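First the structure, in the form of structure tokens, and then the observations on it.
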Amino acid sequence: MADLIDLAIPKDPAVRALCRDLSDMIEGLGNLGVTAHALIEARAKLIEQDAAITRFKSDRLYVIGHNDGWNAAFETGVPGEED
């Protein structure tokens, strides 16, 4: 069975552009024989934060939808209740 590769591609276009620029800088410095540890860490942190923001946004939409459904169900009244 083949191993799965985790592709950490940011969802936000601005973060994706920043990561691409950082990758280009890292590659350019690598061609000069320099390892840019700070840039590598910055790129990893950007990707990590983008993933956290994406998870928060997706969870937030679920919570909003759940609350809207709950409120709509109880606005119609409780079964067995007579007005």
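Naming works like this for the structure tokens: A, B, ... for the chains as they're shown, residue 1 at the start of each chain, ligands 1 onward in shown order.
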Inset, instruction - Would you mind listing what lies within 9 Å of A:Ile40 as a PyMOL selection string, with only C-alpha atoms counted and same-chain residues fewer than 6 positions away left out? - result: chain A and resi 22-23+26
Inset, instruction - Using only C-alpha atoms, pick whichever of A:Met25, A:Ala17, A:Ile9, A:Ala51 has the shortest atom-to-atom distance to A:Leu39. - result: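 Comparing A:Met25, A:Ala17, A:Ile9, A:Ala51 against A:Leu39, the winner is A:Met25.
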Inset, instruction - Report the residues of chain A whose backbone DSSP state falls under alpha helix (DSSP H), written as a ChimeraX atom specification. - result: /A:13-31,37-75
